[in-house]
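Structure record follows, encoded as structure tokens.
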Amino acid sequence: MTALGTRLFRIAFIALCSWSLGCSSLLAHQKTYSRMPWESYDDVRAAYASVEVGTTQWRDLAVLGFDPYESLNVDLINYIQVYTLFVPNRGVALDDTDPAVQRCVAARQRCRGLVVDVFREHGADEGSFWLNFLRFRKQTQVTGWVFEALLLVIDDRVEMKLHAGNPRFSMYQDQVRPLGPLQGIDPDMKISFP
């Protein structure tokens with residue numbers, strides 16, 4: 001083998017190794033999140049924790065990021081919507097709900113509710129690039145967090161707060177298609193040969 005042939009062989013070998021090792025970077029990934037003033041679960045949880053029932057005013061909520069006019073994914077609801085949240089059917093009476101809910105419904109127009117629904121998730125394909133590319137097998141790891149809250153405000157003062165969520169979730173999906181790219185072909189598609 002000549003010096004030029006050896007050099008070309010080395011370059012081709014290095015290029016092949018680099019390309020094959022870098023295949024995982026060719027796998028798809030995505031981020032999904034609600035637009036919000038908070039960067040993390042801890043940020044929104046801290047803002048929520050600083051809301052004090054009986055003390056925090058409506059104007060204070062805007063400073064904390066709970067402003068339905070400025071923050072996306074913070075919805076303003078009225079007393080009728082509050083009623084239907086807590087009394088979804090005839091099996092539940094208003095008297096069975098929290099006293100703050102009862103005061104809210106009684107206050108009518110003087111009561112407002114804020115529903116906060118924020119999340120962040122990141123999905124990344126894992127496994128073999130070629131199995132994924134040829135649609136034989138797709139492995140996806142999804143991680144993220146979710147925070148939901150309800151704040152009831154009567155006469156511009158917070159009277160009730162509830163929250164739920166998950167500071168860290170992880171889901172794994174493994175989709176196997178034994179026929180690869182042929183598995184998604186429409187059975188009604190007509191194939192004609194000349």
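A note on labels: chains of the structure tokens are A, B, ... as shown, every chain counts residues from 1, and ligands are counted from 1 in their shown order.
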Who sits within 9 Å of region 112-124 of chain A, only C-alpha atoms, same chain under 2 positions skipped, as an NGL selection string: :A and (27-36 or 38-41 or 44 or 66-68 or 72-79 or 81-82 or 104 or 108-110 or 126 or 139-156 or 163 or 169)
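The neighbours of region 175-177 of chain A here are the residues that come within 8 Å of it, using only C-alpha atoms and leaving out any residue fewer than 5 positions away in the same chain; they are Arg135, Phe136, Arg137, Lys138, Gln139 and Gln183 of chain A.
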Please produce a file of the residues just selected, as a PDB file, in the first residue's frame, where the atoms kept are N, CA and C atoms.
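Saved as again.pdb:
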ATOM      1  N   ARG A 135     -37.206   3.094  11.382  1.00  0.00           N
ATOM      2  CA  ARG A 135     -38.516   2.911  12.019  1.00  0.00           C
ATOM      3  C   ARG A 135     -38.752   1.488  12.526  1.00  0.00           C
ATOM      4  N   PHE A 136     -37.708   0.775  12.903  1.00  0.00           N
ATOM      5  CA  PHE A 136     -37.877  -0.544  13.508  1.00  0.00           C
ATOM      6  C   PHE A 136     -38.105  -0.429  15.008  1.00  0.00           C
ATOM      7  N   ARG A 137     -37.420   0.520  15.650  1.00  0.00           N
ATOM      8  CA  ARG A 137     -37.550   0.676  17.088  1.00  0.00           C
ATOM      9  C   ARG A 137     -37.284   2.125  17.474  1.00  0.00           C
ATOM     10  N   LYS A 138     -38.183   2.668  18.281  1.00  0.00           N
ATOM     11  CA  LYS A 138     -38.028   4.042  18.763  1.00  0.00           C
ATOM     12  C   LYS A 138     -38.139   4.030  20.277  1.00  0.00           C
ATOM     13  N   GLN A 139     -37.096   4.473  20.945  1.00  0.00           N
ATOM     14  CA  GLN A 139     -37.064   4.540  22.401  1.00  0.00           C
ATOM     15  C   GLN A 139     -36.991   6.023  22.785  1.00  0.00           C
ATOM     16  N   GLN A 183     -44.521  -0.911   8.098  1.00  0.00           N
ATOM     17  CA  GLN A 183     -45.624  -1.048   9.044  1.00  0.00           C
ATOM     18  C   GLN A 183     -46.599   0.120   8.975  1.00  0.00           C
TER      19      GLN A 183
END
Using only C-alpha atoms, determine which residues lie at most 12 Å from Glu52 (chain A), disregarding the query and same-chain residues fewer than 5 positions distant; provide the list as a VMD selection string. chain A and resid 46 to 47 57 to 58 60 to 61 64 151 to 153 157 to 162
